[in-house]
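S.K.: If it helps, the file is called query-v6.txt and holds compact mmCIF, C-alpha atoms:
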# COMPACT_ATOMS: atom_id res chain seq x y z
CA MET J 1 10.94 1.08 23.30
CA LYS J 2 7.78 2.99 22.48
CA ARG J 3 9.25 6.22 23.79
CA LYS J 4 12.48 5.58 21.92
CA LEU J 5 10.58 5.06 18.66
CA THR J 6 8.64 8.26 19.18
CA VAL J 7 11.80 10.25 19.84
CA ILE J 8 13.49 8.79 16.75
CA LEU J 9 10.43 9.53 14.64
CA LEU J 10 10.23 13.08 15.90
CA ALA J 11 13.92 13.67 15.31
CA ALA J 12 13.75 12.25 11.79
CA VAL J 13 10.77 14.34 10.89
CA CYS J 14 12.40 17.50 12.23
CA THR J 15 15.60 16.79 10.30
CA ILE J 16 13.73 16.32 7.04
CA GLY J 17 11.57 19.28 7.70
CA ILE J 18 13.92 22.08 8.66
CA SER J 19 15.77 22.12 5.32
CA ALA J 20 12.60 22.49 3.31
CA CYS J 21 10.78 24.85 5.59
CA GLN J 22 11.21 27.94 3.45
CA ALA J 23 10.08 26.24 0.26
CA ASN J 24 6.63 25.40 1.52
CA ASN J 25 4.04 28.11 1.49
CA SER J 26 1.10 26.07 2.73
CA LYS J 27 0.41 26.94 6.33
CA PRO J 28 -2.45 25.26 8.11
CA ASP J 29 -2.33 28.10 10.65
CA SER J 30 -6.06 28.56 10.86
CA ALA J 31 -6.50 24.87 11.62
CA ALA J 32 -3.82 24.91 14.29
CA ALA J 33 -5.32 28.00 15.80
CA ALA J 34 -8.74 26.43 15.67
CA THR J 35 -7.52 23.38 17.56
CA ALA J 36 -5.86 25.50 20.17
CA ALA J 37 -8.94 27.65 20.70
CA ALA J 38 -11.11 26.76 23.63
CA SER J 39 -14.72 25.94 22.92
CA THR J 40 -17.48 27.77 24.72
CA GLY J 41 -19.73 24.79 24.13
CA SER J 42 -22.60 26.52 22.36
CA LYS J 43 -24.61 25.00 19.54
CA ALA J 44 -23.55 27.87 17.29
CA ASP J 45 -19.87 27.14 17.98
CA TYR J 46 -20.42 23.51 17.11
CA GLU J 47 -22.23 24.28 13.87
CA SER J 48 -19.51 26.65 12.81
CA ALA J 49 -16.81 24.07 13.67
CA LEU J 50 -18.74 21.35 11.86
CA ALA J 51 -19.01 23.44 8.69
CA ALA J 52 -15.29 24.22 8.82
CA ALA J 53 -14.45 20.55 9.39
CA ASN J 54 -16.58 19.43 6.46
CA LYS J 55 -14.92 22.02 4.24
CA ALA J 56 -11.43 20.93 5.33
CA MET J 57 -12.26 17.26 4.80
CA LYS J 58 -13.65 18.00 1.35
CA GLU J 59 -10.42 19.77 0.48
CA ALA J 60 -8.31 16.86 1.79
CA LYS J 61 -10.42 14.37 -0.15
CA SER J 62 -10.05 16.37 -3.36
CA VAL J 63 -6.26 15.97 -3.21
CA ASP J 64 -6.30 12.38 -1.95
CA GLY J 65 -5.02 13.49 1.43
CA LEU J 66 -7.60 12.19 3.87
CA TRP J 67 -6.29 10.69 7.08
CA ARG J 68 -7.63 7.46 8.51
CA ASP J 69 -9.48 8.74 11.55
CA THR J 70 -10.78 12.14 10.45
CA GLY J 71 -14.17 10.85 9.37
CA LYS J 72 -14.54 8.85 12.59
CA ILE J 73 -13.68 11.92 14.67
CA LEU J 74 -16.30 13.95 12.85
CA LYS J 75 -18.88 11.23 13.40
CA GLY J 76 -17.94 11.32 17.08
CA ALA J 77 -18.55 15.06 17.05
CA GLU J 78 -22.00 14.56 15.54
CA LYS J 79 -22.79 11.94 18.15
CA ALA J 80 -21.70 14.23 20.98
CA ALA J 81 -23.80 17.06 19.54
CA LYS J 82 -26.84 14.81 19.41
CA ALA J 83 -26.29 14.03 23.06
CA GLY J 84 -26.17 17.76 23.77
CA ASP J 85 -22.46 17.87 24.66
CA TYR J 86 -21.55 20.80 22.42
CA ALA J 87 -18.22 21.45 24.12
CA LYS J 88 -17.02 17.95 23.28
CA ALA J 89 -18.62 18.08 19.82
CA THR J 90 -16.94 21.39 18.99
CA LYS J 91 -13.57 20.16 20.18
CA MET J 92 -13.86 17.02 18.04
CA ALA J 93 -15.02 18.96 14.99
CA LYS J 94 -12.03 21.26 15.34
CA THR J 95 -9.71 18.26 15.54
CA ALA J 96 -11.30 16.94 12.33
CA GLU J 97 -10.84 20.34 10.71
CA PHE J 98 -7.19 20.38 11.78
CA GLN J 99 -6.62 16.91 10.35
CA GLY J 100 -8.38 17.90 7.12
CA HIS J 101 -6.11 20.91 6.65
CA MET J 102 -3.02 18.88 7.52
CA GLY J 103 -3.97 16.07 5.15
CA ALA J 104 -4.56 18.54 2.31
CA SER J 105 -1.24 20.35 2.96
CA GLN J 106 0.58 17.05 3.11
CA ALA J 107 -0.89 15.82 -0.18
CA LYS J 108 -0.09 19.11 -1.94
CA SER J 109 3.52 18.97 -0.74
CA GLN J 110 3.91 15.49 -2.25
CA LYS J 111 2.67 16.26 -5.75
CA ASN J 112 5.82 15.56 -7.72
CA VAL J 113 7.72 12.98 -5.72
CA GLY J 114 9.75 10.28 -7.44
CA THR J 115 12.74 8.10 -6.70
CA PRO J 116 14.46 10.04 -3.91
CA SER J 117 18.08 11.12 -4.10
CA TRP J 118 18.95 9.23 -0.91
CA MET J 119 18.55 5.95 -2.81
CA ASN J 120 21.57 6.76 -4.97
CA MET O 1 -0.08 12.51 25.68
CA LYS O 2 0.14 10.01 22.82
CA LYS O 3 -2.32 12.07 20.79
CA THR O 4 -0.37 15.26 21.41
CA VAL O 5 2.88 13.66 20.30
CA LEU O 6 1.30 12.36 17.11
CA LEU O 7 -0.28 15.70 16.28
CA THR O 8 3.04 17.43 16.93
CA VAL O 9 4.90 15.01 14.68
CA ALA O 10 2.39 15.57 11.93
CA ALA O 11 2.38 19.32 12.34
CA VAL O 12 6.16 19.63 12.25
CA ALA O 13 6.40 17.37 9.25
CA LEU O 14 3.74 19.15 7.28
CA LEU O 15 4.82 22.66 8.06
CA ALA O 16 8.29 21.68 7.03
CA GLY O 17 7.30 20.10 3.76
CA TYR O 18 9.31 17.43 2.07
CA GLY O 19 12.68 18.62 0.93
CA ALA O 20 14.15 15.66 -0.90
CA ALA O 21 15.20 16.05 -4.51
CA PHE O 22 13.61 13.92 -7.20
CA ALA O 23 14.95 13.26 -10.65
CA ASP O 24 12.72 12.15 -13.52
CA THR O 25 14.39 8.78 -13.95
CA SER O 26 13.53 6.01 -16.42
CA PRO O 27 12.16 2.65 -15.26
CA ASP O 28 15.48 1.01 -16.16
CA GLN O 29 17.37 3.57 -14.11
CA ASP O 30 14.95 3.06 -11.22
CA LEU O 31 15.47 -0.70 -11.36
CA LYS O 32 19.25 -0.31 -11.31
CA THR O 33 18.97 2.15 -8.42
CA TRP O 34 16.82 -0.31 -6.46
CA HIS O 35 19.18 -3.21 -7.07
CA THR O 36 22.23 -1.17 -6.08
CA TYR O 37 20.47 0.25 -3.03
CA PHE O 38 19.40 -3.15 -1.70
CA ASP O 39 22.77 -4.72 -2.59
CA LYS O 40 24.43 -2.14 -0.36
CA LYS O 41 21.81 -2.50 2.37
CA PHE O 42 21.86 -6.30 2.42
CA PRO O 43 25.22 -7.40 1.03
CA GLY O 44 25.36 -11.01 -0.12
CA VAL O 45 21.61 -11.49 -0.51
CA ASP O 46 20.93 -12.94 -3.95
CA LEU O 47 18.34 -11.13 -6.06
CA GLN O 48 16.10 -14.24 -6.22
CA GLU O 49 16.09 -14.47 -2.42
CA TYR O 50 14.06 -11.26 -2.24
CA SER O 51 11.00 -13.25 -3.35
CA ASN O 52 10.96 -14.58 0.21
CA GLY O 53 10.38 -11.17 1.75
CA VAL O 54 11.74 -10.60 5.22
CA TYR O 55 12.95 -14.22 5.34
CA ALA O 56 15.66 -13.26 2.85
CA ILE O 57 17.29 -11.01 5.41
CA ASP O 58 16.52 -12.47 8.85
CA LYS O 59 17.74 -15.93 9.77
CA VAL O 60 15.67 -16.34 12.92
CA SER O 61 12.32 -15.71 11.26
CA ARG O 62 13.47 -17.70 8.25
CA ASP O 63 13.93 -20.80 10.38
CA SER O 64 10.37 -20.69 11.68
CA TRP O 65 9.05 -19.82 8.21
CA GLU O 66 10.80 -22.83 6.69
CA ALA O 67 9.17 -25.01 9.34
CA ILE O 68 5.76 -23.53 8.41
CA GLU O 69 6.43 -24.18 4.72
CA GLU O 70 6.88 -27.90 5.42
CA PHE O 71 3.11 -28.09 5.86
CA PRO O 72 1.95 -24.91 4.14
CA PRO O 73 -1.25 -23.45 5.60
CA TYR O 74 -2.35 -22.40 2.10
CA GLU O 75 -2.20 -25.89 0.62
CA PRO O 76 -5.92 -26.73 0.94
CA MET O 77 -6.71 -23.35 -0.57
CA ILE O 78 -4.77 -24.20 -3.72
CA GLU O 79 -7.02 -27.26 -4.07
CA ASP O 80 -10.11 -25.07 -3.60
CA GLY O 81 -8.77 -22.81 -6.34
CA GLU O 82 -8.20 -25.70 -8.68
CA ALA O 83 -11.81 -26.77 -8.18
CA MET O 84 -12.93 -23.21 -9.00
CA TRP O 85 -10.77 -23.20 -12.13
CA ASN O 86 -12.32 -26.43 -13.37
CA LYS O 87 -15.93 -25.75 -12.39
CA PRO O 88 -17.91 -24.54 -15.42
CA PHE O 89 -19.83 -21.26 -15.28
CA ALA O 90 -23.58 -21.38 -15.86
CA ASN O 91 -22.89 -20.99 -19.59
CA GLY O 92 -20.65 -24.07 -19.61
CA LYS O 93 -17.38 -22.20 -20.11
CA THR O 94 -14.59 -22.10 -17.55
CA TYR O 95 -11.87 -19.63 -16.53
CA ALA O 96 -9.65 -21.37 -19.05
CA SER O 97 -11.63 -19.67 -21.82
CA CYS O 98 -10.36 -16.26 -20.61
CA PHE O 99 -6.72 -17.21 -19.99
CA HIS O 100 -5.75 -19.10 -23.15
CA GLY O 101 -6.39 -22.40 -21.44
CA THR O 102 -3.76 -22.16 -18.70
CA PRO O 103 -3.80 -20.99 -15.08
CA ALA O 104 -0.03 -20.31 -15.26
CA VAL O 105 -0.28 -16.66 -16.24
CA ALA O 106 1.33 -14.74 -13.34
CA ASP O 107 4.12 -13.46 -15.57
CA LYS O 108 1.58 -11.85 -17.93
CA PHE O 109 0.27 -9.54 -15.20
CA PRO O 110 0.03 -6.69 -14.55
CA TYR O 111 0.12 -5.41 -18.11
CA TRP O 112 -0.76 -2.24 -19.95
CA ASP O 113 -3.84 -2.73 -22.13
CA LEU O 114 -3.12 -0.79 -25.30
CA SER O 115 -6.73 -0.40 -26.38
CA ARG O 116 -8.28 0.31 -22.98
CA LYS O 117 -5.31 2.44 -21.88
CA MET O 118 -5.20 1.04 -18.36
CA VAL O 119 -3.25 -1.38 -16.18
CA ILE O 120 -4.85 -4.80 -15.99
CA SER O 121 -4.10 -6.86 -12.92
CA LEU O 122 -4.85 -10.56 -12.57
CA PRO O 123 -7.70 -10.14 -10.05
CA LEU O 124 -9.29 -7.56 -12.37
CA ALA O 125 -8.96 -9.96 -15.30
CA ILE O 126 -10.57 -12.73 -13.23
CA ASN O 127 -13.58 -10.58 -12.45
CA GLU O 128 -13.86 -9.37 -16.03
CA CYS O 129 -13.84 -13.02 -17.08
CA ARG O 130 -16.65 -13.75 -14.64
CA LYS O 131 -18.72 -10.80 -15.82
CA ALA O 132 -18.18 -11.73 -19.47
CA ASN O 133 -19.55 -15.17 -18.66
CA GLY O 134 -22.58 -13.95 -16.75
CA GLU O 135 -21.19 -14.51 -13.25
CA LYS O 136 -21.07 -12.06 -10.36
CA PRO O 137 -17.65 -10.52 -9.65
CA LEU O 138 -15.77 -11.67 -6.56
CA LYS O 139 -14.61 -9.42 -3.75
CA TYR O 140 -11.03 -8.32 -4.31
CA ALA O 141 -9.36 -8.40 -0.91
CA LYS O 142 -10.16 -11.83 0.52
CA GLY O 143 -12.42 -14.83 0.12
CA PRO O 144 -12.93 -17.02 -2.97
CA ILE O 145 -10.78 -14.91 -5.30
CA THR O 146 -7.73 -15.70 -3.15
CA ARG O 147 -8.33 -19.43 -3.68
CA LEU O 148 -8.36 -19.07 -7.43
CA LEU O 149 -5.35 -16.76 -7.30
CA ALA O 150 -3.54 -19.29 -5.09
CA TYR O 151 -4.05 -22.03 -7.65
CA MET O 152 -2.99 -19.79 -10.52
CA ALA O 153 0.06 -18.60 -8.56
CA TYR O 154 1.02 -22.15 -7.71
CA GLU O 155 0.82 -23.16 -11.35
CA SER O 156 2.93 -20.09 -12.23
CA ARG O 157 5.76 -20.81 -9.80
CA GLY O 158 9.13 -20.38 -11.45
CA GLN O 159 7.94 -17.82 -13.98
CA VAL O 160 9.97 -14.65 -13.95
CA THR O 161 8.58 -11.16 -13.36
CA ASP O 162 8.74 -9.28 -16.64
CA VAL O 163 6.56 -6.17 -16.60
CA LYS O 164 6.75 -4.12 -19.78
CA ILE O 165 6.07 -0.46 -20.37
CA PRO O 166 5.07 -0.28 -24.03
CA ASN O 167 4.24 3.39 -24.61
CA LYS O 168 3.90 6.88 -23.16
CA ALA O 169 0.53 6.23 -21.58
CA ALA O 170 1.91 3.15 -19.83
CA MET O 171 4.88 5.23 -18.71
CA ALA O 172 2.47 7.74 -17.18
CA ALA O 173 0.81 4.89 -15.24
CA TYR O 174 4.24 3.67 -14.09
CA LYS O 175 5.17 7.15 -12.91
CA ASP O 176 1.84 7.53 -11.17
CA GLY O 177 2.51 4.28 -9.32
CA ARG O 178 6.02 5.43 -8.46
CA ARG O 179 4.75 8.76 -7.19
CA TYR O 180 2.21 6.92 -5.07
CA TYR O 181 4.90 4.65 -3.64
CA PHE O 182 7.05 7.54 -2.49
CA THR O 183 4.22 9.82 -1.37
CA ARG O 184 4.06 10.47 2.34
CA ARG O 185 0.51 10.19 3.61
CA GLY O 186 -1.53 9.74 6.73
CA GLN O 187 -1.10 11.04 10.23
CA LEU O 188 2.29 9.34 10.60
CA ASN O 189 3.58 11.04 7.42
CA PHE O 190 5.01 7.79 6.07
CA SER O 191 5.34 6.60 2.50
CA CYS O 192 5.51 2.96 1.40
CA ALA O 193 9.24 3.59 0.93
CA THR O 194 9.70 4.83 4.49
CA CYS O 195 9.21 1.31 5.78
CA HIS O 196 10.17 -0.96 2.90
CA VAL O 197 13.07 0.95 1.33
CA GLN O 198 14.52 3.43 3.78
CA ASN O 199 14.00 1.32 6.93
CA ALA O 200 13.89 -2.20 5.47
CA GLY O 201 15.52 -4.58 7.91
CA MET O 202 14.76 -2.36 10.91
CA HIS O 203 12.48 -3.43 13.75
CA VAL O 204 9.01 -2.05 14.28
CA ARG O 205 8.33 -3.43 17.70
CA THR O 206 8.85 -7.19 17.23
CA ASP O 207 8.52 -7.18 13.44
CA ILE O 208 11.28 -6.66 10.91
CA LEU O 209 10.38 -4.50 7.94
CA SER O 210 10.65 -6.45 4.69
CA PRO O 211 12.54 -5.08 1.69
CA ALA O 212 10.46 -3.76 -1.22
CA LEU O 213 12.36 -5.79 -3.75
CA GLY O 214 10.38 -8.95 -4.51
CA HIS O 215 7.28 -7.65 -2.75
CA THR O 216 4.96 -8.69 -5.58
CA THR O 217 6.13 -12.24 -6.27
CA GLY O 218 4.47 -14.31 -3.55
CA TRP O 219 0.80 -13.37 -3.72
CA PRO O 220 -1.71 -14.32 -2.57
CA VAL O 221 -0.23 -14.56 0.90
CA TYR O 222 -1.38 -16.57 3.90
CA ARG O 223 -0.74 -14.21 6.78
CA SER O 224 -0.82 -15.67 10.26
CA LYS O 225 -2.27 -12.34 11.36
CA TRP O 226 -5.21 -12.81 8.99
CA GLY O 227 -5.50 -16.56 9.53
CA ASP O 228 -6.32 -16.68 5.83
CA LEU O 229 -5.15 -15.77 2.37
CA GLY O 230 -5.28 -12.19 1.19
CA THR O 231 -4.46 -10.32 -1.99
CA LEU O 232 -1.75 -7.75 -2.63
CA HIS O 233 -4.34 -4.99 -2.61
CA ARG O 234 -5.57 -6.17 0.79
CA ARG O 235 -2.04 -5.59 2.06
CA PHE O 236 -1.93 -2.18 0.38
CA LYS O 237 -5.05 -1.33 2.33
CA GLY O 238 -3.50 -2.54 5.58
CA CYS O 239 -0.37 -0.46 5.01
CA HIS O 240 -2.52 2.65 4.56
CA LYS O 241 -4.28 1.94 7.84
CA GLN O 242 -0.94 1.54 9.60
CA MET O 243 0.18 4.92 8.23
CA ARG O 244 -3.14 6.31 9.48
CA ALA O 245 -4.16 7.28 5.96
CA LYS O 246 -7.63 6.63 4.61
CA PRO O 247 -7.30 3.23 2.94
CA PRO O 248 -8.08 3.02 -0.79
CA LYS O 249 -10.42 0.46 -2.31
CA PRO O 250 -8.68 -2.50 -3.94
CA GLN O 251 -8.26 -2.47 -7.71
CA ILE O 252 -8.94 1.22 -8.24
CA ALA O 253 -6.68 2.77 -10.90
CA GLU O 254 -4.25 4.21 -8.35
CA MET O 255 -3.72 0.81 -6.74
CA ARG O 256 -3.28 -0.93 -10.09
CA ASN O 257 -0.72 1.71 -11.09
CA LEU O 258 1.02 1.16 -7.77
CA GLU O 259 1.09 -2.57 -8.48
CA TYR O 260 2.43 -1.86 -11.98
CA PHE O 261 5.36 0.15 -10.60
CA LEU O 262 6.08 -2.19 -7.71
CA THR O 263 5.96 -5.28 -9.91
CA TYR O 264 8.31 -3.63 -12.41
CA MET O 265 10.72 -3.16 -9.52
CA SER O 266 10.69 -6.96 -9.11
CA ASN O 267 11.51 -7.62 -12.77
CA GLY O 268 13.89 -10.56 -13.01
CA ILE O 269 12.67 -12.18 -9.78
CA GLU O 270 10.77 -15.47 -9.91
CA TYR O 271 7.14 -15.84 -8.86
CA ASN O 272 6.74 -18.11 -5.83
CA GLY O 273 3.16 -17.63 -4.70
CA PRO O 274 1.19 -18.48 -2.78
CA SER O 275 3.32 -17.90 0.26
CA ALA O 276 3.13 -17.66 4.04
CA ARG O 277 4.01 -14.62 6.10
CA LYS O 278 3.68 -13.57 9.73
Since I need it in another form, could you write the structure as structure tokens?

M.R.:
Amino acid sequence: MKRKLTVILLAAVCTIGISACQANNSKPDSAAAATAAASTGSKADYESALAAANKAMKEAKSVDGLWRDTGKILKGAEKAAKAGDYAKATKMAKTAEFQGHMGASQAKSQKNVGTPSWMN
Amino acid sequence: MKKTVLLTVAAVALLAGYGAAFADTSPDQDLKTWHTYFDKKFPGVDLQEYSNGVYAIDKVSRDSWEAIEEFPPYEPMIEDGEAMWNKPFANGKTYASCFHGTPAVADKFPYWDLSRKMVISLPLAINECRKANGEKPLKYAKGPITRLLAYMAYESRGQVTDVKIPNKAAMAAYKDGRRYYFTRRGQLNFSCATCHVQNAGMHVRTDILSPALGHTTGWPVYRSKWGDLGTLHRRFKGCHKQMRAKPPKPQIAEMRNLEYFLTYMSNGIEYNGPSARK
């Protein structure tokens, strides 16, 4: 059931998305790349990732696009850094950055929504 | 694995954008569209039935709900609310002094305040009444305010939803609420409409998604999940969490505008709060 729901959700999202792909110029490519990048686990890497995450979250907040768990993930990163696990902390900070960028892009894409045509 | 799937879903959705077309329709047009849409989706369901939420469209859950309503779990809370209504503030006045002497005011809310240029909801009016009489405001999501709201809702049963949009500023608030309702948000990229319009009647695991029509008539609601009464804005908050969006605080302007729009969409449907839900 769970798998079925996921597949349906994915299919629905893809269907909606493909038609509008060209109209949207916002590309959270840096965030995606950041998530994909492997962390070396240094303090400097963490601090850089933390600054980027905070910036992305600020942007998402400014457009009312924050996701539920982004703040928690960032707190987790800070906790890991305090414990000296910079690899984990950097990875978490990059996830928070990714979510911040995605939340901001999402909110910007929804600026002028109204009663959708599929209701007619 | 689960995390990867969710991130992929979100990434695809966001990169793709949201391609649906939106027309700048009037509230009357919106209301007609909603009625026609739900008529087609649930043929034979009377408009007034939508005040019963999911129990309007699912016989099995309706049977158990009707059994619950024989001894409503919210009944003692209505009595608590009545006691609150009658208990004088420290200055000797009561809530009656703020509501023209009657608790039966559900059909007056939410309304557009012409001088303050904002949507006033009933919970907001209750707290403004308290502050004006030197009392501390109550928390908006749960607790004592739900008792008072339960009593006021009970006394208002049978009143008909009749939200008005008196001017351009009110129209802007309505449109803001409408935009909010249809805005996809959170990691799951859902809008309120994804569940309660587009997929109303469908299963999410063991639950059936309730139709949006009539969503504002039965508050406060005793949810078995909560084991207590909660306000409409408490449910708004819960929906945000389920969409994995950062939940808003109850009674902020955006949530009152959302309530304004959603209540307008229930115009013509009777109030029947408080009510019980799963």

S.K.: Taking into account only C-alpha atoms, which residue in the set O:Thr206, O:Ser266, O:Thr102, O:Ser64 is nearest to chain J?

M.R.: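 With only C-alpha atoms as the atom set, the closest residue is O:Thr206.
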
S.K.: Report as JSON, numbers by chain all protein, DNA and RNA residues lying within 12 Å of range 23-38 of chain O, evaluated on all atoms listed in the file, omitting residues in the same chain fewer than 4 positions from it.

M.R.: {"J": [112, 113, 114, 115, 116, 117, 118, 119, 120], "O": [42, 43, 44, 45, 46, 47, 48, 49, 50, 56, 57, 163, 164, 165, 166, 168, 170, 171, 172, 173, 174, 175, 177, 178, 179, 193, 196, 197, 198, 199, 200, 201, 210, 211, 212, 213, 214, 260, 261, 262, 263, 264, 265, 266, 267, 268, 269]}

S.K.: Of the residues J:Lys88, J:Leu74, J:Ala80, J:Ala60, which is the one nearest to chain O, using only C-alpha atoms?

M.R.: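 Between J:Lys88, J:Leu74, J:Ala80, J:Ala60, the residue approaching chain O most closely is J:Ala60.
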
S.K.: Which residues of range 152-189 of chain O come within 12 Å of range 235-239 of chain O, and what is each one's closest atom pair and distance in Å (one decimal), counting all atoms listed in the file, sorted by chain and residue number, as a Markdown table?

M.R.:
| residue | atom | partner | partner_atom | distance |
| --- | --- | --- | --- | --- |
| O:Tyr180 | CA | O:Phe236 | CA | 11.4 |
| O:Tyr181 | CA | O:Phe236 | CA | 10.5 |
| O:Arg185 | CA | O:Cys239 | CA | 10.8 |
| O:Gly186 | CA | O:Cys239 | CA | 10.4 |
| O:Leu188 | CA | O:Cys239 | CA | 11.6 |

S.K.: Grab the CA of Asn91 in chain O to CA of Ala132 in chain O distance for me, in Å with one decimal place.

M.R.: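 Here the two named atoms are 10.4 Å from each other.
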
S.K.: Compile the contact shell of range 240-252 of chain O as a list in words: residues with an atom at most 9 Å away, counting all atoms listed in the file, same-chain residues fewer than 5 positions apart removed.

M.R.: Asp64, Gly65, Leu66, Trp67, Arg68, Asp69, Thr70 and Gly103 of chain J; Ser121, Pro123, Leu124, Tyr140, Ala141, Arg184, Arg185, Gly186, Gln187, Leu188, Asn189, Phe190, Ser191, Cys192, Leu232, His233, Arg234, Arg235 and Asn257 of chain O

S.K.: Select, from O:Thr183, O:Arg130, O:Thr194, O:Met255, the residue with the minimum atom-to-atom distance to Ser97 in chain O, counting all atoms listed in the file.

M.R.: O:Arg130

S.K.: Work out where the centre of an axis-aligned box around every listed atom of range 89-105 of chain J lies and how long its edges are once 5 Å is added on each side; give both in Å to one decimal as JSON.

M.R.:
{"center_x": -9.9, "center_y": 18.7, "center_z": 11.2, "size_x": 27.4, "size_y": 15.3, "size_z": 27.9}

S.K.: To one decimal place in Å, what is the distance between CA of Arg116 in chain O and CA of Ala104 in chain O?

M.R.: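 Rounded to one decimal, the two atoms are 23.5 Å apart.
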
S.K.: CA of Glu135 in chain O and CA of Thr94 in chain O, how far apart in Å?

M.R.: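 Distance between the two atoms: 10.9 Å.
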
S.K.: Would you please work out which residue, of J:Ala83, J:Ala89, J:Met57, J:Ala51, is nearest to chain O when using only C-alpha atoms?

M.R.: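 With only C-alpha atoms as the atom set, the closest residue is J:Met57.
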
S.K.: Determine the nearest neighbour of Lys131 in chain O from the options O:Met118, O:Val54, O:Ala83, O:Cys98, counting only C-alpha atoms.

M.R.: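 Ranking O:Met118, O:Val54, O:Ala83, O:Cys98 by distance to Lys131 in chain O, first place goes to O:Cys98.
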
S.K.: Measuring between all atoms listed in the file, which one of J:Ala52, J:Ala87, J:Met102, J:Ala77 shows the shortest distance to chain O?

M.R.: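 Of J:Ala52, J:Ala87, J:Met102, J:Ala77, the one nearest chain O, counting all atoms listed in the file, is J:Met102.
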
S.K.: Mind listing as a PyMOL selection string all residues within 8 Å of (-1.8, -14.9, 1.7), counting only C-alpha atoms?

M.R.: chain O and resi 74+146+219-223+228-231+274-277

S.K.: Counting only C-alpha atoms, note down every residue that has an atom within 9 Å of the point (4.7, -17.5, -11.4) (file coordinates), as a CSV table (one decimal) with C-alpha atoms, in the frame of the given file.

M.R.:
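Writing done, so here's point.csv:
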chain,number,residue,atom,x,y,z
O,104,ALA,CA,0.0,-20.3,-15.3
O,105,VAL,CA,-0.3,-16.7,-16.2
O,106,ALA,CA,1.3,-14.7,-13.3
O,107,ASP,CA,4.1,-13.5,-15.6
O,152,MET,CA,-3.0,-19.8,-10.5
O,153,ALA,CA,0.1,-18.6,-8.6
O,154,TYR,CA,1.0,-22.2,-7.7
O,155,GLU,CA,0.8,-23.2,-11.4
O,156,SER,CA,2.9,-20.1,-12.2
O,157,ARG,CA,5.8,-20.8,-9.8
O,158,GLY,CA,9.1,-20.4,-11.4
O,159,GLN,CA,7.9,-17.8,-14.0
O,160,VAL,CA,10.0,-14.6,-14.0
O,161,THR,CA,8.6,-11.2,-13.4
O,217,THR,CA,6.1,-12.2,-6.3
O,218,GLY,CA,4.5,-14.3,-3.6
O,270,GLU,CA,10.8,-15.5,-9.9
O,271,TYR,CA,7.1,-15.8,-8.9
O,272,ASN,CA,6.7,-18.1,-5.8
O,273,GLY,CA,3.2,-17.6,-4.7

S.K.: Quick one: everything within 12 Å of Ala53 in chain J, counting all atoms listed in the file, minus sequence neighbours fewer than 6 positions away in the same chain. Send it as a list in words.

M.R.: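 Everything that qualifies: Ser30, Ala31, Ala34, Thr35, Tyr46, Glu47, Glu59, Ala60, Thr70, Gly71, Ile73, Leu74, Lys75, Ala77, Glu78, Ala89, Thr90, Lys91, Met92, Ala93, Lys94, Thr95, Ala96, Glu97, Phe98, Gln99, Gly100, His101 and Met102 of chain J.
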
S.K.: Only C-alpha atoms, please: the residues just picked out, written as a tab-separated table (two decimals), in the frame of the given file.

M.R.:
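For reference, out_7.tsv as written:
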chain	number	residue	atom	x	y	z
J	30	SER	CA	-6.06	28.56	10.86
J	31	ALA	CA	-6.50	24.87	11.62
J	34	ALA	CA	-8.74	26.43	15.67
J	35	THR	CA	-7.52	23.38	17.56
J	46	TYR	CA	-20.42	23.51	17.11
J	47	GLU	CA	-22.23	24.28	13.87
J	59	GLU	CA	-10.42	19.77	0.48
J	60	ALA	CA	-8.31	16.86	1.79
J	70	THR	CA	-10.78	12.14	10.45
J	71	GLY	CA	-14.17	10.85	9.37
J	73	ILE	CA	-13.68	11.92	14.67
J	74	LEU	CA	-16.30	13.95	12.85
J	75	LYS	CA	-18.88	11.23	13.40
J	77	ALA	CA	-18.55	15.06	17.05
J	78	GLU	CA	-22.00	14.56	15.54
J	89	ALA	CA	-18.62	18.08	19.82
J	90	THR	CA	-16.94	21.39	18.99
J	91	LYS	CA	-13.57	20.16	20.18
J	92	MET	CA	-13.86	17.02	18.04
J	93	ALA	CA	-15.02	18.96	14.99
J	94	LYS	CA	-12.03	21.26	15.34
J	95	THR	CA	-9.71	18.26	15.54
J	96	ALA	CA	-11.30	16.94	12.33
J	97	GLU	CA	-10.84	20.34	10.71
J	98	PHE	CA	-7.19	20.38	11.78
J	99	GLN	CA	-6.62	16.91	10.35
J	100	GLY	CA	-8.38	17.90	7.12
J	101	HIS	CA	-6.11	20.91	6.65
J	102	MET	CA	-3.02	18.88	7.52
